[in-house]
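One file, model39.cif, carrying mmCIF, C-alpha atoms:
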data_coords
#
loop_
_atom_site.group_PDB
_atom_site.id
_atom_site.type_symbol
_atom_site.label_atom_id
_atom_site.label_comp_id
_atom_site.auth_asym_id
_atom_site.auth_seq_id
_atom_site.Cartn_x
_atom_site.Cartn_y
_atom_site.Cartn_z
ATOM 1 C CA MET A 993 13.405 -16.068 -13.785
ATOM 2 C CA THR A 994 12.371 -13.179 -16.016
ATOM 3 C CA SER A 995 10.159 -14.097 -18.939
ATOM 4 C CA ILE A 996 7.805 -12.705 -21.531
ATOM 5 C CA GLY A 997 5.030 -13.706 -19.140
ATOM 6 C CA SER A 998 6.469 -11.341 -16.545
ATOM 7 C CA VAL A 999 6.546 -8.504 -19.082
ATOM 8 C CA LEU A 1000 2.899 -9.196 -19.905
ATOM 9 C CA GLY A 1001 2.113 -9.228 -16.181
ATOM 10 C CA VAL A 1002 3.710 -5.805 -15.762
ATOM 11 C CA ALA A 1003 1.726 -4.521 -18.764
ATOM 12 C CA VAL A 1004 -1.596 -5.785 -17.386
ATOM 13 C CA VAL A 1005 -0.967 -4.380 -13.901
ATOM 14 C CA GLY A 1006 0.121 -1.068 -15.411
ATOM 15 C CA LEU A 1007 -2.997 -0.906 -17.574
ATOM 16 C CA VAL A 1008 -5.255 -1.541 -14.580
ATOM 17 C CA LEU A 1009 -3.461 0.937 -12.322
ATOM 18 C CA GLY A 1010 -3.539 3.586 -15.037
ATOM 19 C CA ALA A 1011 -7.290 3.161 -15.415
ATOM 20 C CA VAL A 1012 -7.725 3.324 -11.640
ATOM 21 C CA THR A 1013 -5.822 6.625 -11.438
ATOM 22 C CA SER A 1014 -8.225 8.170 -13.940
ATOM 23 C CA TRP A 1015 -11.287 6.992 -12.017
ATOM 24 C CA ALA A 1016 -9.656 7.983 -8.712
ATOM 25 C CA GLN A 1017 -9.590 11.620 -9.785
ATOM 26 C CA SER A 1018 -13.368 11.669 -9.367
ATOM 27 C CA PHE A 1019 -13.462 10.482 -5.755
ATOM 28 C CA LEU A 1020 -10.139 11.025 -3.971
ATOM 29 C CA PRO A 1021 -10.332 13.742 -1.287
ATOM 30 C CA ASP A 1022 -8.500 16.966 -2.041
ATOM 31 C CA ALA A 1023 -5.665 16.054 0.339
ATOM 32 C CA TRP A 1024 -4.776 12.985 -1.742
ATOM 33 C CA ALA A 1025 -5.942 14.024 -5.215
ATOM 34 C CA PRO A 1026 -2.380 14.484 -6.590
ATOM 35 C CA LEU A 1027 -1.754 10.757 -6.020
ATOM 36 C CA ALA A 1028 -3.819 10.041 -9.139
ATOM 37 C CA ASN A 1029 -2.098 12.585 -11.341
ATOM 38 C CA SER A 1030 1.472 13.332 -10.337
ATOM 39 C CA PRO A 1031 4.934 12.196 -11.468
ATOM 40 C CA SER A 1032 5.691 10.817 -8.007
ATOM 41 C CA GLY A 1033 2.442 8.859 -7.903
ATOM 42 C CA TRP A 1034 3.037 7.204 -11.257
ATOM 43 C CA ALA A 1035 6.757 6.689 -10.600
ATOM 44 C CA ALA A 1036 5.970 5.055 -7.247
ATOM 45 C CA MET A 1037 3.365 2.760 -8.802
ATOM 46 C CA THR A 1038 5.753 1.776 -11.590
ATOM 47 C CA ALA A 1039 8.574 1.148 -9.124
ATOM 48 C CA LEU A 1040 6.415 -0.980 -6.824
ATOM 49 C CA VAL A 1041 5.231 -3.122 -9.741
ATOM 50 C CA VAL A 1042 8.825 -3.655 -10.901
ATOM 51 C CA MET A 1043 10.013 -4.483 -7.373
ATOM 52 C CA THR A 1044 7.501 -7.307 -7.015
ATOM 53 C CA PHE A 1045 9.265 -9.156 -9.854
ATOM 54 C CA ARG A 1046 12.792 -8.531 -8.448
ATOM 55 C CA PRO A 1047 14.331 -8.334 -11.940
ATOM 56 C CA THR A 1048 17.913 -7.725 -12.985
ATOM 57 C CA LEU A 1049 18.786 -4.117 -13.816
ATOM 58 C CA PRO A 1050 18.350 -4.535 -17.605
ATOM 59 C CA TRP A 1051 15.019 -6.275 -17.158
ATOM 60 C CA GLY A 1052 14.069 -3.635 -14.611
ATOM 61 C CA ALA A 1053 14.583 -0.991 -17.298
ATOM 62 C CA VAL A 1054 12.316 -2.983 -19.650
ATOM 63 C CA PHE A 1055 9.691 -3.457 -16.940
ATOM 64 C CA GLY A 1056 9.819 0.228 -16.033
ATOM 65 C CA THR A 1057 9.223 1.273 -19.622
ATOM 66 C CA VAL A 1058 6.401 -1.211 -20.135
ATOM 67 C CA GLY A 1059 4.804 -0.354 -16.792
ATOM 68 C CA PHE A 1060 4.941 3.405 -17.359
ATOM 69 C CA VAL A 1061 3.623 3.177 -20.930
ATOM 70 C CA PHE A 1062 0.741 0.927 -19.925
ATOM 71 C CA LEU A 1063 -0.096 3.165 -16.970
ATOM 72 C CA LEU A 1064 -0.498 5.931 -19.527
ATOM 73 C CA LEU A 1065 -2.568 3.739 -21.845
ATOM 74 C CA GLY A 1066 -4.843 2.681 -18.989
ATOM 75 C CA TYR A 1067 -5.276 6.286 -17.907
ATOM 76 C CA THR A 1068 -6.051 7.376 -21.468
ATOM 77 C CA LEU A 1069 -8.605 4.603 -22.078
ATOM 78 C CA ALA A 1070 -10.377 5.182 -18.765
ATOM 79 C CA SER A 1071 -10.462 8.927 -19.362
ATOM 80 C CA GLU A 1072 -12.034 8.393 -22.791
ATOM 81 C CA LEU A 1073 -14.646 6.092 -21.240
ATOM 82 C CA ARG A 1074 -15.427 8.852 -18.749
ATOM 83 C CA GLY A 1075 -15.938 11.275 -21.628
ATOM 84 C CA LEU A 1076 -12.727 13.190 -20.963
ATOM 85 C CA ALA A 1077 -10.437 14.003 -23.880
ATOM 86 C CA TYR A 1078 -6.786 13.289 -23.126
ATOM 87 C CA ASP A 1079 -3.769 13.543 -25.418
ATOM 88 C CA PRO A 1080 -1.101 11.048 -24.283
ATOM 89 C CA MET A 1081 1.652 12.190 -26.665
ATOM 90 C CA LEU A 1082 3.685 14.338 -24.246
ATOM 91 C CA TRP A 1083 3.514 11.912 -21.337
ATOM 92 C CA GLY A 1084 4.082 9.041 -23.736
ATOM 93 C CA ALA A 1085 7.425 10.569 -24.678
ATOM 94 C CA ILE A 1086 8.209 11.165 -21.007
ATOM 95 C CA ALA A 1087 7.315 7.549 -20.217
ATOM 96 C CA LEU A 1088 9.719 6.252 -22.846
ATOM 97 C CA VAL A 1089 12.536 8.426 -21.495
ATOM 98 C CA THR A 1090 11.987 8.024 -17.760
ATOM 99 C CA GLY A 1091 10.523 4.508 -17.652
ATOM 100 C CA PRO A 1092 13.875 2.731 -18.037
ATOM 101 C CA PHE A 1093 15.429 4.809 -15.252
ATOM 102 C CA ILE A 1094 12.539 4.273 -12.835
ATOM 103 C CA GLY A 1095 12.485 0.545 -13.618
ATOM 104 C CA ALA A 1096 16.243 0.093 -13.269
ATOM 105 C CA ALA A 1097 16.190 2.120 -10.045
ATOM 106 C CA ALA A 1098 13.428 -0.092 -8.638
ATOM 107 C CA ALA A 1099 15.407 -3.191 -9.556
ATOM 108 C CA GLY A 1100 18.434 -1.660 -7.859
ATOM 109 C CA VAL A 1101 16.564 -1.048 -4.614
ATOM 110 C CA VAL A 1102 15.743 -4.759 -4.258
ATOM 111 C CA SER A 1103 19.207 -5.865 -5.348
ATOM 112 C CA ALA A 1104 21.582 -7.632 -2.988
ATOM 113 C CA ARG A 1105 24.550 -5.507 -4.177
ATOM 114 C CA SER A 1106 25.484 -2.162 -2.611
ATOM 115 C CA LEU A 1107 26.059 -0.105 -5.763
ATOM 116 C CA PRO A 1108 22.673 -0.853 -7.396
ATOM 117 C CA VAL A 1109 20.967 -0.241 -4.036
ATOM 118 C CA ALA A 1110 22.697 3.136 -3.716
ATOM 119 C CA LEU A 1111 21.911 4.205 -7.275
ATOM 120 C CA GLY A 1112 18.321 2.968 -7.227
ATOM 121 C CA SER A 1113 17.481 4.409 -3.833
ATOM 122 C CA GLY A 1114 19.083 7.732 -4.754
ATOM 123 C CA VAL A 1115 17.009 8.002 -7.925
ATOM 124 C CA LEU A 1116 13.684 7.093 -6.317
ATOM 125 C CA ALA A 1117 14.296 9.307 -3.273
ATOM 126 C CA GLY A 1118 15.173 12.172 -5.613
ATOM 127 C CA VAL A 1119 11.970 11.692 -7.602
ATOM 128 C CA LEU A 1120 9.846 11.796 -4.447
ATOM 129 C CA VAL A 1121 11.617 14.784 -2.912
ATOM 130 C CA ALA A 1122 11.654 16.798 -6.145
ATOM 131 C CA ASP A 1123 7.931 16.240 -6.674
ATOM 132 C CA GLY A 1124 7.224 17.090 -3.046
ATOM 133 C CA ILE A 1125 9.134 20.357 -3.387
ATOM 134 C CA TYR A 1126 7.282 21.106 -6.629
ATOM 135 C CA GLY A 1127 3.917 20.542 -4.981
ATOM 136 C CA LEU A 1128 4.722 22.655 -1.930
ATOM 137 C CA THR A 1129 5.974 25.564 -4.040
ATOM 138 C CA VAL A 1130 4.707 25.713 -7.619
ATOM 139 C CA VAL A 1131 1.145 24.423 -7.099
ATOM 140 C CA ALA A 1132 0.805 25.240 -3.405
ATOM 141 C CA ASP A 1133 -2.056 27.684 -4.059
ATOM 142 C CA THR A 1134 -4.237 25.150 -5.860
ATOM 143 C CA THR A 1135 -3.558 21.838 -4.079
ATOM 144 C CA SER A 1136 -3.485 20.550 -0.517
ATOM 145 C CA PRO A 1137 -0.025 20.226 1.084
ATOM 146 C CA VAL A 1138 -0.882 16.822 2.606
ATOM 147 C CA TYR A 1139 0.116 14.625 -0.348
ATOM 148 C CA TRP A 1140 3.186 16.678 -1.238
ATOM 149 C CA THR A 1141 4.446 16.677 2.352
ATOM 150 C CA THR A 1142 3.917 12.918 2.577
ATOM 151 C CA VAL A 1143 5.844 12.345 -0.650
ATOM 152 C CA LEU A 1144 8.672 14.586 0.510
ATOM 153 C CA VAL A 1145 8.919 12.778 3.849
ATOM 154 C CA LEU A 1146 8.861 9.338 2.198
ATOM 155 C CA GLY A 1147 11.702 10.391 -0.097
ATOM 156 C CA LEU A 1148 13.776 11.584 2.855
ATOM 157 C CA VAL A 1149 13.004 8.401 4.822
ATOM 158 C CA LEU A 1150 14.224 6.284 1.891
ATOM 159 C CA LEU A 1151 17.358 8.425 1.623
ATOM 160 C CA LEU A 1152 18.151 8.253 5.338
ATOM 161 C CA ALA A 1153 17.294 4.573 5.782
ATOM 162 C CA THR A 1154 19.349 3.249 2.864
ATOM 163 C CA PRO A 1155 22.842 3.785 4.399
ATOM 164 C CA ARG A 1156 22.051 1.025 6.911
ATOM 165 C CA ARG A 1157 22.030 -1.411 3.974
ATOM 166 C CA LEU A 1158 25.235 -0.010 2.468
ATOM 167 C CA ARG A 1159 27.573 0.151 5.488
ATOM 168 C CA ALA A 1160 30.468 1.611 3.531
ATOM 169 C CA VAL A 1161 31.547 5.139 2.675
ATOM 170 C CA ALA A 1162 31.776 4.770 -1.117
ATOM 171 C CA PRO A 1163 28.228 3.520 -1.803
ATOM 172 C CA ILE A 1164 26.813 6.002 0.712
ATOM 173 C CA ALA A 1165 28.565 8.768 -1.221
ATOM 174 C CA VAL A 1166 27.091 7.388 -4.452
ATOM 175 C CA LEU A 1167 23.656 7.452 -2.806
ATOM 176 C CA GLY A 1168 24.055 11.122 -1.873
ATOM 177 C CA VAL A 1169 25.337 12.230 -5.273
ATOM 178 C CA THR A 1170 22.643 10.258 -7.104
ATOM 179 C CA PHE A 1171 19.939 11.723 -4.876
ATOM 180 C CA LEU A 1172 21.113 15.281 -5.524
ATOM 181 C CA ALA A 1173 21.413 14.672 -9.274
ATOM 182 C CA ALA A 1174 17.945 13.144 -9.474
ATOM 183 C CA THR A 1175 16.384 15.910 -7.396
ATOM 184 C CA VAL A 1176 17.933 18.656 -9.529
ATOM 185 C CA THR A 1177 17.128 16.894 -12.802
ATOM 186 C CA LEU A 1178 13.493 16.346 -11.860
ATOM 187 C CA SER A 1179 13.141 19.912 -10.631
ATOM 188 C CA VAL A 1180 14.523 21.277 -13.887
ATOM 189 C CA GLY A 1181 12.288 18.896 -15.845
ATOM 190 C CA SER A 1182 9.209 20.074 -13.946
ATOM 191 C CA ALA A 1183 10.093 23.693 -14.661
ATOM 192 C CA TRP A 1184 10.478 22.837 -18.348
ATOM 193 C CA LEU A 1185 7.089 21.095 -18.444
ATOM 194 C CA ASN A 1186 5.503 24.091 -16.735
ATOM 195 C CA GLY A 1187 6.975 26.251 -19.459
ATOM 196 C CA LEU A 1188 5.468 24.025 -22.151
ATOM 197 C CA ASN A 1189 2.086 24.171 -20.454
ATOM 198 C CA GLY A 1190 2.265 27.884 -19.941
ATOM 199 C CA ALA A 1191 2.219 27.538 -16.174
#
Please, can you express the file's structure as structure tokens?
Amino acid sequence: MTSIGSVLGVAVVGLVLGAVTSWAQSFLPDAWAPLANSPSGWAAMTALVVMTFRPTLPWGAVFGTVGFVFLLLGYTLASELRGLAYDPMLWGAIALVTGPFIGAAAAGVVSARSLPVALGSGVLAGVLVADGIYGLTVVADTTSPVYWTTVLVLGLVLLLATPRRLRAVAPIAVLGVTFLAATVTLSVGSAWLNGLNGA
């Protein structure tokens, strides 16, 4: 049963994970450094936290928002403690917009119904693949390909493994369309953020 206690649990875990990602930037090897500071890394952490509670879709959206926001707060606090200035406003807005989708998608993946599984898996696979493509193209000159390749492969594995749970043409089609929509949307969003940052 979902409760306020569960929401608080998500917030605490998000806060801790956010702080860990800030500290991890100082010791992760170059091959895995993007894990601590990438959309796919934070989306995956948020999704995994939500999945552990196996919420309904509406509660998943709430958990996703809370988890993403508290990841950001934890990251900001830890960065300040490390003497690093960080402005959370932009990513705070992104967290409020994307958190519900990531959370609902995570809840869908662990659902027992085909349509939520198709939608959730399509969204999360799209997030992973889009970020992998971004890393292997846009920032390929400044980062190792190891993390980005791993993320890309994990997204494709999720996409290709999910039809075994669906076993019908209609939800498999929904999975494919959702994956493509998520991949394109995230790719366009990344390009827009690069424009804002002058990249």
Handout entry: Proximity to Val1131 of chain A - best of A:Val1145, A:Pro1021, A:Asn1186, A:Val1101, all atoms listed in the file
Key = A:Asn1186
Exercise for the section: Between A:Val1102, A:Leu1116, A:Ile996, A:Thr1170, single out the one closest to Val1149 of chain A, counting only C-alpha atoms. Expected result: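 The closest residue to Val1149 of chain A is A:Leu1116.
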Exercise for the section: Please evaluate the PyMOL selection byres ((chain A and resi 1080-1095) around 7) against the structure above and give the resulting residues as a list in words. Expected result: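 Checked against the file, the PyMOL selection byres ((chain A and resi 1080-1095) around 7) matches Ala1035, Ala1039, Val1042, Gly1052, Ala1053, Val1054, Phe1055, Gly1056, Thr1057, Phe1060, Val1061, Leu1064, Thr1068, Tyr1078, Asp1079, Ala1096, Ala1097, Ala1098 and Ala1099 of chain A.
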Practice task
Name the residues in contact with Tyr1139 of chain A at a cut-off of 10 Å, using only C-alpha atoms, excluding same-chain residues fewer than 4 positions from it; report them as a VMD selection string.
Solution key: chain A and resid 1022 to 1027 1033 1124 1127 to 1128 1135 1143 to 1145
Practice task
May I ask which of the residues A:Asn1029, A:Ser1071, A:Leu1076, A:Ala1174 is the closest one to Leu1120 of chain A, counting all atoms listed in the file?
Solution key: A:Ala1174
Given 6 Å on each side, where is the centre and what are the edge lengths in Å to one decimal of the axis-aligned box enclosing the listed atoms of segment 1011-1029 of chain A, as AutoDock Vina command-line options?
--center_x -7.6 --center_y 10.1 --center_z -7.5 --size_x 23.7 --size_y 25.8 --size_z 27.8
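For the pair atom CA of Leu1049 of chain A and atom CA of Thr1013 of chain A, the separation is 27.0 Å.
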Practice task
Enter the distance from atom CA of Leu1009 of chain A to atom CA of Leu1111 of chain A, in Å, rounded to one decimal.
Solution key: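 Atom-to-atom, atom CA of Leu1009 of chain A to atom CA of Leu1111 of chain A, that is 26.1 Å.
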Exercise for the section: Select, from A:Ala1165, A:Leu1172, A:Ser1179, A:Trp1015, the residue with the minimum atom-to-atom distance to Thr1129 of chain A, counting all atoms listed in the file. Expected result: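 Closest residue, counting all atoms listed in the file: A:Ser1179.
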Fill in the blank from the handout: re atom CA of Val1012 of chain A and atom CA of Gly1100 of chain A: distance 26.9 Å
Exercise for the section: Evaluate the PyMOL selection byres ((chain A and resi 1151-1164) around 6) here and jot the selected residues down as a PyMOL selection string. Expected result: chain A and resi 1106-1107+1110+1117+1148-1150+1165-1167
Handout entry: Within-12 Å shell of (-0.6, -3.3, -17.8) in input frame, all atoms listed in the file, as number ranges by chain
Key = A: 997-1012, 1037-1038, 1041-1042, 1055-1067
Exercise for the section: Rank A:Thr1175, A:Ser1182, A:Ser1018, A:Ser1030 by their smallest atom-to-atom distance to Gly1147 of chain A, using all atoms listed in the file, and report the top residue only. Expected result: A:Thr1175
